[in-house]
Structures are given as C-alpha cells and as structure tokens.
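Engineer: Following this message is one structure expressed as structure tokens.
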Amino acid sequence: MILARSWIVVGATIAVFAASVLISVGLAPAAPAERAAPLAIDGPAAARPWIRYGGWPNRDTSKFNSLSAIVSPPPPKAPRKIATPLGGDLPGNVGPDLSEIGKAGRDDEWLFNYIYDARVYNPETVMPPWGTHGLLSDSEIGDIVAFLKTLAKPAPFKSALDDPTRRPPPSEQRDNLDPMINPAMWAIEERAPALWNAAGPAGAACVSCHATPEQAFKTWAATMPRWEPRLGKVLGVEEFVARHAKATTGQDWLMESEENIALSTYLRYVANGAPIIVDLDSAPAKAAYERGEALSSRKIGALNFSCADCHSADKGAQKWIRGQWLGELRGQLDHFPTWRTSQQSTWDIRKRFQWCQVAIWADDLPPDASEYGDLELYLAAQNAGQKLSVPGIRH
Amino acid sequence: MINKPRVKIPDQIRKGEIIQIKTLVAHEMENGLRRDQAGKVIPRKIINRFTCSFNGKPVFACDLEPALAANPYLVFSVRVDESGVFNFTWTDDDGTVITAEEKAITL
C-alpha cells in the first residue's frame, strides 16, 4: 500500500442567486382539507419580544416604513431653492470616471434635488431619498454634485466581467441533495428523524400519528403557506410546525429554533419535486394574497425599497446591484429552507424576509408576523408550478 | 449536537487501484482571530490533525491550520493492494478525537 497523492479542498463558495424566467402558470384549486390538524392557537409561535439575531446590524430604523407601520417622512412637494453654483473642496482624481453626467446639461440645482429626493422629479424612482431620509447632509450632497460635474469621459470597463450588461447571471450547479456538498442535508439525515421519533412532554412523538411522513407529506409542504381561520392569518410550514407540535406532543419548537428549522426543512424535503400550489380560493385567502401583493410594493426602510423595486422585472430584477444579481420573485422560494455558505447555517424563508428588511435599513418583524404570512402567500403564488428542491444551497 | 463525519469510498475496487477517498467533518474551525460582539477574542478551536489508516497502518495524515474554512472537506488518494479496514480520526484543539465508522473494503 503506497500513498499516492493528496490534496485538500477548502470549501469553495460561489456567489449565486436563484433566478428564473419561467412563465407563470395558473393557480389550480388545492384539494379540500380533510380533517383540520390540531393547532395551539394561543400566543405567538416565535420568541417575544422579537430580538434581532446576534451579529445583524442594530441601527435604529424605527422612523421609516416597515411591513407593519407607515412612518417614513413624505417626499418634498417641490424642488428646493438652493444657492448655486455648488462647489466641492479638493475634488479627488483617484477613482475612474463613472459616466458623462458632467456634460449632460444638468444644472447644480437639478442634480442636488435629484440626489436629495428623486421623487420630486420621478415618483416611480427606486433611488433612496438620500436627503429626505437624512442619509446624506446638504453639504455631502453638494460635494457629490460637484464631483458629478467633473465626469465628462466614458468610463472604460476593465474586463468583460466588469461590464454588467455582459456579465453572465449566476447559476447554481452544486448538487444540493449531496450531504458532502450541502450541510443542510445533515439535518435531513440525522436530526429530523431523531426529532420525529422523540416523545414530547405530552408523551406523544410526531411518529405516534405520522408513521410514514415520506408518504403522508409527499405534497403537503408545496401547498403551504395556507390561510388559517383559527388564527386569522397565513401559516407557513415553520409556524405550523411550532403550533402543531405544541398542541400535540407539547414540544416547544418555536420558529427559528434549531429543532423547528430541522423539521421544517425535512417536511419541505419530503415534498421535493411537488409543484408549489397554494389555495387562493377562499375570500380571506384572496384578501391575504392582496395584502401580500400590496406589501410587496410598499417602500420601506431608510433606503426606501420595496420588494418589487429589486425583484420585479420592470424595476430592478434581472440586473446587477454592485456585484449581486437580483432575481425575480419567481425562483426565490422553491429552494427554501436553504443552506447559506456565507452564513454557515440554514435559513428559512422568514429569516430571508427578515434579512431583506435589515439590509435595506428597515425594522424586521418577528418570524410569525402576519405580514410575513401574507407576503409568503403572495410569493408562493408567484412561484406556482415551481417544484420544491429542498434544502437549497446558496451563497 | 455532533453530526457524524462522512466518508465516501468507491464501491468496487481492484487490486492495485488508486482510489479517491472523500471525507467531511462538521466543525466550526474557529480560527482564534475573530472577536465577539463584546470585543473579546473568540478562542481558537479547530481540528488540527486528520489521520487515515488502513489495517492499522497510517496511509494519510495532515495537519490542519486556522486558515481552513468550517466543515473541513479532505480528498486524498490511496493505492489499495489488499482487502481491509479504513479508520479515520479528526483531532480537536481541546483533545477530543472524532472517529468515523470503520470502512471495510473487499477486493
């Protein structure tokens, strides 16, 4: 026996965002529920008060819109009068020219107001209202205007990859069901079966009623989230697991707990291959869908972005923001919960929602917030027909 | 919760064949350079040694350093001349030794 060769592979991470351009298919009505599963309906299904995850930004964004409150300052009614021309001190020349805005014929006042709050000229803009939201001071905006006026030559791209119009969109090629590749599979193989068989304080285990989950739940997760009349809100898999386990086995598997994520991932895993199809037939489900649609276009946070601003094809979707690709809403759900190599943990869709908000400087909500239920229902409807492939693996 | 280490060895092996062995162990590989939210250094805790033996004889071993990412994935090649049993160990900074299930192969 001779040792031939050896090498070490240090986990390679490739930045990828799901993106798909499939054509939307119609929503067929889901089969009527058989017998309603028991649910604990008192109290929340997640920790209260909700405390943002450790390591996430802690900036105060309470004076901006969130999905549960509308408090952002209004746009100005008209452009401000300012003393012109504006000038910056000691303009630098280190950075490359970015555009030819300097010879576009825009005067200082127009540029100032456009940066201060572009909504005075274009109500449909996606640019953050840097001035109105206090992100930049008047003098900082003045400096930017002075800089922009100096830009008169086209900026060359250093390489083909540098040019966002020619940069290929990312695609995920890793085998997400291989435990050697996707650590989220470890929960499927070890943790979830152990939890399934563990008796809770009430004496029962999941397996007491659900002996063959692979058969019983072959499509269930693909029909979630679902309007739940007993709670008056939309329940996703994660909240259902928390409330159903509490009511039956007595287990306290709050949303975002390690146990909840393991089991929710497992329940979506056993529905792999099933097309997403949510029930929008009842009047309250329709109303929830409409609320979700409205929330998806509500501008929130200090940066004043809506879901649609980044993930709707007529706005930012199918484009690059810095080096990150913005996918459409369609394609953003089938792989959740997903392993995130950059975070070394499994994220469910609610945590992804929460991060979207924190990233645009808005307050996040508890994972069981009814707003997230409405939004998840809307998102699932946009993804109708997409087949579950869980757990996913993404950057 | 400790996940069991994972090892992949080809199913069918011929005498004298050079086979590829893939191993994966769940470990945070805390490099000792990061600070927590209070500014305190998080102590180093990594897998510092990996060994693979065949029929009791070492066939591959390596030292692992703090620069390695979490969940070390090691791939190496071994020539197999006889039937036998592979053993795998990962040694933690704290002295803990993680052992994979024995893998028996038959030529």
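Residue numbering restarts at 1 in every chain; chains get A, B, ... in the order shown in the structure tokens, and ligands count up from 1 in that same order.
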Chain B near chain A within 6 Å: what's each residue's closest atom pair and its distance in Å to one decimal, counting only C-alpha atoms, ordered by chain then ascending residue number, as a tab-separated table?
Structural biologist:
```
residue	atom	partner	partner_atom	distance
B:Val59	CA	A:Leu3	CA	5.8
B:Leu74	CA	A:Ile8	CA	5.1
B:Val75	CA	A:Ile8	CA	5.8
B:Phe76	CA	A:Ser6	CA	4.3
B:Ser77	CA	A:Arg5	CA	5.5
B:Val78	CA	A:Leu3	CA	5.1
B:Arg79	CA	A:Ile2	CA	5.6
B:Val80	CA	A:Met1	CA	5.7
B:Asp81	CA	A:Met1	CA	5.7
```
Engineer: What would the file look like if the residues just selected were written as an mmCIF file, in the first residue's frame with C-alpha atoms?
Structural biologist:
```cif
data_model
loop_
_atom_site.group_PDB
_atom_site.id
_atom_site.type_symbol
_atom_site.label_atom_id
_atom_site.label_comp_id
_atom_site.auth_asym_id
_atom_site.auth_seq_id
_atom_site.Cartn_x
_atom_site.Cartn_y
_atom_site.Cartn_z
ATOM 1 C CA VAL B 59 -1.755 5.836 4.886
ATOM 2 C CA LEU B 74 -10.479 16.475 2.602
ATOM 3 C CA VAL B 75 -9.938 14.475 -0.550
ATOM 4 C CA PHE B 76 -6.948 12.193 -0.996
ATOM 5 C CA SER B 77 -5.877 9.163 -2.985
ATOM 6 C CA VAL B 78 -4.658 5.816 -1.755
ATOM 7 C CA ARG B 79 -3.421 2.733 -3.593
ATOM 8 C CA VAL B 80 -5.127 -0.409 -2.364
ATOM 9 C CA ASP B 81 -3.349 -3.765 -2.627
#
```
Engineer: Identify, on the basis of only C-alpha atoms, every residue whose closest approach to A:Lys218 does not exceed 6 Å; exclude the query and any residue fewer than 2 positions from it along the same chain; express the result as a list in words.
Structural biologist: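 The contact residues come out as Glu214, Gln215, Ala216, Val270 and Ala271 of chain A.
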Engineer: Would you save the residues from that selection as a PDB file, in the first residue's frame, using N, CA and C atoms?
Structural biologist:
```pdb
ATOM      1  N   GLU A 214     -42.792  10.275   4.701  1.00  0.00           N
ATOM      2  CA  GLU A 214     -42.420  10.404   3.276  1.00  0.00           C
ATOM      3  C   GLU A 214     -43.645  10.220   2.391  1.00  0.00           C
ATOM      4  N   GLN A 215     -44.557   9.322   2.820  1.00  0.00           N
ATOM      5  CA  GLN A 215     -45.784   9.110   2.051  1.00  0.00           C
ATOM      6  C   GLN A 215     -46.812  10.182   2.358  1.00  0.00           C
ATOM      7  N   ALA A 216     -47.019  10.414   3.685  1.00  0.00           N
ATOM      8  CA  ALA A 216     -48.118  11.289   4.100  1.00  0.00           C
ATOM      9  C   ALA A 216     -47.918  12.736   3.654  1.00  0.00           C
ATOM     10  N   VAL A 270     -39.382  16.258   2.012  1.00  0.00           N
ATOM     11  CA  VAL A 270     -40.163  15.097   1.578  1.00  0.00           C
ATOM     12  C   VAL A 270     -41.160  15.477   0.479  1.00  0.00           C
ATOM     13  N   ALA A 271     -41.387  16.780   0.292  1.00  0.00           N
ATOM     14  CA  ALA A 271     -42.260  17.223  -0.808  1.00  0.00           C
ATOM     15  C   ALA A 271     -41.448  17.626  -2.036  1.00  0.00           C
TER      16      ALA A 271
END
```
Engineer: So, counting only C-alpha atoms, which residue among A:Arg243, A:Ser297, A:Phe336, A:Trp227 is closest to A:Asp281?
Structural biologist: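 Going through A:Arg243, A:Ser297, A:Phe336, A:Trp227 one by one, the smallest distance to A:Asp281 is for A:Trp227.
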Engineer: Within 6 Å of A:Ser296, counting only C-alpha atoms, which residues qualify if same-chain residues fewer than 2 places away don't, as a list in words?
Structural biologist: Glu293, Ala294, Arg298, Cys307 and Ala308 of chain A
Engineer: When you draw a straight line from atom CA of A:Val71 to atom CA of A:Gly301, how long is it in Å?
Structural biologist: 9.5 Å
Engineer: Hey, what's within 10 Å of A:Ala104 if we count only C-alpha atoms and toss same-chain stuff fewer than 6 positions away? As an NGL selection string, please?
Structural biologist: :A and (149 or 151-152)
Engineer: Include N, CA and C atoms and write out the residues we just selected as a tab-separated table (two decimals), in the first residue's frame.
Structural biologist:
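Result file again16.tsv:
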```tsv
chain	number	residue	atom	x	y	z
A	149	LYS	N	-20.23	66.83	-11.66
A	149	LYS	CA	-19.99	67.81	-12.72
A	149	LYS	C	-18.63	67.61	-13.37
A	151	LEU	N	-17.44	64.73	-14.25
A	151	LEU	CA	-17.41	63.48	-15.02
A	151	LEU	C	-17.82	63.76	-16.46
A	152	ALA	N	-16.89	63.65	-17.35
A	152	ALA	CA	-17.17	64.02	-18.74
A	152	ALA	C	-16.70	62.99	-19.75
```
Engineer: Write down as a list in words the residues of stretch 154-260 of chain A whose backbone DSSP state falls under strand (DSSP E).
Structural biologist: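 So, restricting stretch 154-260 of chain A to strand (DSSP E), we get Arg226, Trp227, Glu228, Lys233, Val234 and Leu235 of chain A.
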Engineer: Hey, can you spit out that residue selection with C-alpha atoms as a compact mmCIF listing (two decimals), in the first residue's frame?
Structural biologist:
```
# COMPACT_ATOMS: atom_id res chain seq x y z
CA ARG A 226 -52.19 28.47 3.87
CA TRP A 227 -54.86 30.74 5.38
CA GLU A 228 -55.73 29.51 8.87
CA LYS A 233 -53.52 34.66 9.47
CA VAL A 234 -51.49 32.78 6.89
CA LEU A 235 -49.37 29.92 8.27
```
